[in-house]
Amino acid sequence: MTSNLTSEEQAAAAAVERSAATSQLRFATAGSVDDGKSTLVGRLLHDSKSVLADQLEAVAHASRSRGQEAPDLALLTDGLRAEREQGITIDVAYRYFATPKRRFILADTPGHVQYTRNMVTGASTAELAVVLVDARNGVVEQTRRHAAVAALLRVPHVVLAVNKMDLVDYTEPVFAAIAEEFTTYAASLGVPEITAIPISALAGDNVVTPSANMDWYGGPTVLEHLETVPVGTDPSQDPARFPVQYVIRPQTTEHPDYRGYAGQIASGVLRVGDAVTVLPSGLTSTVTGIDALGAMVDVAWAPQSVTVTLADDLDISRGDLIAPSDHAPETTQDVEATVCHLHDRPLRVGDRVLLKHTTRTMKAIIKDIPSRLTLADLSHHPAPGELAANDIGRVVLRTSEPLALDAYEDSRRTGSFLLIDPADGTTLTAGMAGDSFAASADGAEAARDDEGWDF
């Protein structure tokens with residue numbers, strides 16, 4: 001933004017940001033099969049006194065029916081019947097708990113390779129990812145996959161939880177070797193912050209309370225880190241992005257000419273008097289009013305939901321993007337992105353899809369799939385022709401209409417999109433515009449447009 005907030009506006013914005021940052025953290029857990037993710041989550045819930053007595057009794061009863069003497073805390077999160085029968089996590093289990101310092105929204109994601117796509121769902125809105133590693137096995141391929149997904153989704157904080165330290169006699173060299181290997185790999189992906197913590201989720205070491213068995217470790221417990229890790233950003237540092245969700249036209253006697261544009265500010269700050277551009281049309285106007293929760297205000301910032309009025313009667317509809325004229329994104333019909341394919345049906349060159357970006361949905365064609373990422377060594381397999389479920393790769397798309405798309409590295413909200421099957425509405429692929437951590441590869445000749453999708 002070219003204009004700075006006044007001191008009063010800065011104080012108000014800072015108060016809201018502090019409240020969001022200190023009161024709530026969204027985080028996700030990930031790891032290979034049987035690394036103890038669900039047990040860790042159960043231990044966090046149990047030891048932070050976030051489990052109701054009837055829930056604990058239900059878990060104790062289920063554990064006894066399986067021949068276990070002590071309650072299996074993993075059952076607090078493994079809620080699907082198939083999960084409990086197999087002793088694994090299949091779906092993303094969301095849990096909500098709180099401590100005096102912060103509220104938490106937790107996504108416990110699956111460990112099996114065929115459910116890696118579920119981690120994309122869980123980590124897409126996370127501000128922190130906890131990646132578990134079995135101390136006996138060290139860093140495995142699925143660990144690298146989860147680190148790559150965290151880097152791809154630009155999760156700002158990653159915790160390496162080296163679990164089952166009780167099974168390796170709580171020895172420091174085992175932990176140190178795993179921490180060094182993972183940190184080196186994750187840093188090569190561009191993960192900005194990595195914190196390694198040795199734990200035993202089953203015994204409770206370094207989960208909520210410090211471990212008496214690892215006096216060589218002087219860092220925080222998992223819960224201490226979750227309570228104190230800084231989250232949130234200053235909204236005034238990012239250009240404003242306001243995707244229009246709904247146009248309000250009451251056309252009543254009291255408001256015969258009222259025209260308001262409702263939605264959630266995706267990033268940045270909007271102020272009365274700002275010169276704005278409406279995309280993709282390129283029409284310009286000035287913000288004349290901002291209605292926040294029924295009160296007229298002079299300034300609003302992400303992620304507030306507001307109604308905006310403009311000085312001019314413009315042709316604006318759902319899916320349009322209002323942005324400051326001096327920091328408006330470029331519009332394009334040619335999109336290059338890194339994607340994670342989520343569906344069992346492969347994504348192929350020539351596929352016709354729907355692209356959903358913020359509140360806008362349009363037709364698109366897969367013009368090229370230049371490369372698929374090999375997670376073992378971060379190399380790129382050129383021209384794979386298709387992406388299977390859980391594959392991460394590069395795609396080139398052509399959209400039917402101009403699209404105002406930021407780079408994902410600049411904005412997780414306005415740089416991301418979904419590819420949808422136009423036949424049944426199934427979500428196929430999650431996309432991140434730009435290079436992310438992957439380098440662009442030279443693609444093959446683009447497929448020809450046909451069958452009514454020629455644009």
# chains A, B, ... in the order shown; residues from 1 in each chain; ligands from 1
call {"tool": "residues_around", "arguments": {"residues": "A:Asn390", "least_positions_apart": "2", "cutoff": "10 Å", "atoms": "only C-alpha atoms", "output": "list in words"}}
result
Val113, Gln114, Tyr115, Thr116, Arg117, Asn118, Met119, Val120, Arg145, Val339, Cys340, His341, Leu342, His343, Asp344, Pro346, Leu387, Ala388, Ile392, Gly393 and Thr429 of chain A
call {"tool": "select_by_dssp", "arguments": {"residues": "stretch 91-299 of chain A", "states": "helix (DSSP H, G or I)", "output": "MDAnalysis selection string"}}
result
chainID A and resid 113:123 141:152 165:168 172:189 222:228 235:237
call {"tool": "closest_residue", "arguments": {"among": "A:Pro156, A:Gly122, A:Gly434, A:Gly138", "to": "A:Val168", "atoms": "only C-alpha atoms"}}
result
A:Gly138
call {"tool": "residues_around", "arguments": {"residues": "A:Thr399", "least_positions_apart": "5", "cutoff": "12 Å", "atoms": "only C-alpha atoms", "output": "list in words"}}
result
Thr331, Thr332, Gln333, Asp334, Val335, Glu336, Arg352, Val353, Leu354, Leu355, Lys356, His357, Arg360, Thr361, Met362, Lys363, Ala364, Ile365, Ile366, Lys367, Ala404, Leu405, Leu419, Asp449, Trp453, Asp454 and Phe455 of chain A
call {"tool": "residues_around", "arguments": {"residues": "A:Tyr170", "least_positions_apart": "3", "cutoff": "12 Å", "atoms": "only C-alpha atoms", "output": "ChimeraX atom specification"}}
result
/A:135-136,162-167,173-176,198-200,203,205-206,211-217
call {"tool": "residues_around", "arguments": {"residues": "A:Asp298", "least_positions_apart": "2", "cutoff": "8 Å", "atoms": "only C-alpha atoms", "output": "PyMOL selection string"}}
result
chain A and resi 271-272+289-290+296+300
call {"tool": "residues_around", "arguments": {"residues": "stretch 277-284 of chain A", "least_positions_apart": "6", "cutoff": "12 Å", "atoms": "only C-alpha atoms", "output": "number ranges by chain"}}
result
A: 240-244, 261, 310-333, 360, 401-405
call {"tool": "select_by_dssp", "arguments": {"residues": "stretch 137-227 of chain A", "states": "strand (DSSP E)", "output": "list in words"}}
result
His157, Val158, Val159, Leu160, Ala161, Val162, Asn163, Ile194, Thr195, Ala196, Ile197 and Pro198 of chain A
call {"tool": "atom_distance", "arguments": {"atom1": "atom CA of A:Val306", "atom2": "atom CA of A:Gly268"}}
result
13.3 Å
call {"tool": "residues_around", "arguments": {"residues": "A:Phe182", "least_positions_apart": "6", "cutoff": "12 Å", "atoms": "only C-alpha atoms", "output": "NGL selection string"}}
result
:A and (131-133 or 138-148 or 158-162 or 175-176 or 188-189 or 191 or 194-196)
call {"tool": "atom_distance", "arguments": {"atom1": "atom CA of A:Gly190", "atom2": "atom CA of A:Thr39"}}
result
29.0 Å
call {"tool": "closest_atom_pairs", "arguments": {"of": "stretch 213-292 of chain A", "to": "stretch 26-38 of chain A", "cutoff": "12 Å", "atoms": "only C-alpha atoms", "output": "tab-separated table"}}
result
residue	atom	partner	partner_atom	distance
A:Val222	CA	A:Thr29	CA	11.8
A:Leu223	CA	A:Phe27	CA	11.8
A:His225	CA	A:Phe27	CA	11.8
A:Leu226	CA	A:Phe27	CA	8.7
A:Glu227	CA	A:Arg26	CA	11.3
A:Val229	CA	A:Phe27	CA	11.2
A:Pro230	CA	A:Arg26	CA	11.9
A:Val231	CA	A:Arg26	CA	9.4
A:Gly232	CA	A:Arg26	CA	10.7
call {"tool": "write_last_selection", "arguments": {"atoms": "C-alpha atoms", "output": "compact mmCIF listing (two decimals), in the first residue's frame"}}
result
# COMPACT_ATOMS: atom_id res chain seq x y z
CA VAL A 222 5.40 -29.60 21.95
CA LEU A 223 2.62 -27.71 23.73
CA HIS A 225 6.07 -24.40 21.28
CA LEU A 226 2.48 -24.44 20.01
CA GLU A 227 1.51 -21.85 22.62
CA VAL A 229 5.13 -19.77 18.16
CA PRO A 230 4.44 -16.41 16.48
CA VAL A 231 1.63 -16.54 13.94
CA GLY A 232 -0.19 -13.99 11.83
call {"tool": "atom_distance", "arguments": {"atom1": "atom CA of A:Glu254", "atom2": "atom CA of A:Ala295"}}
result
17.3 Å
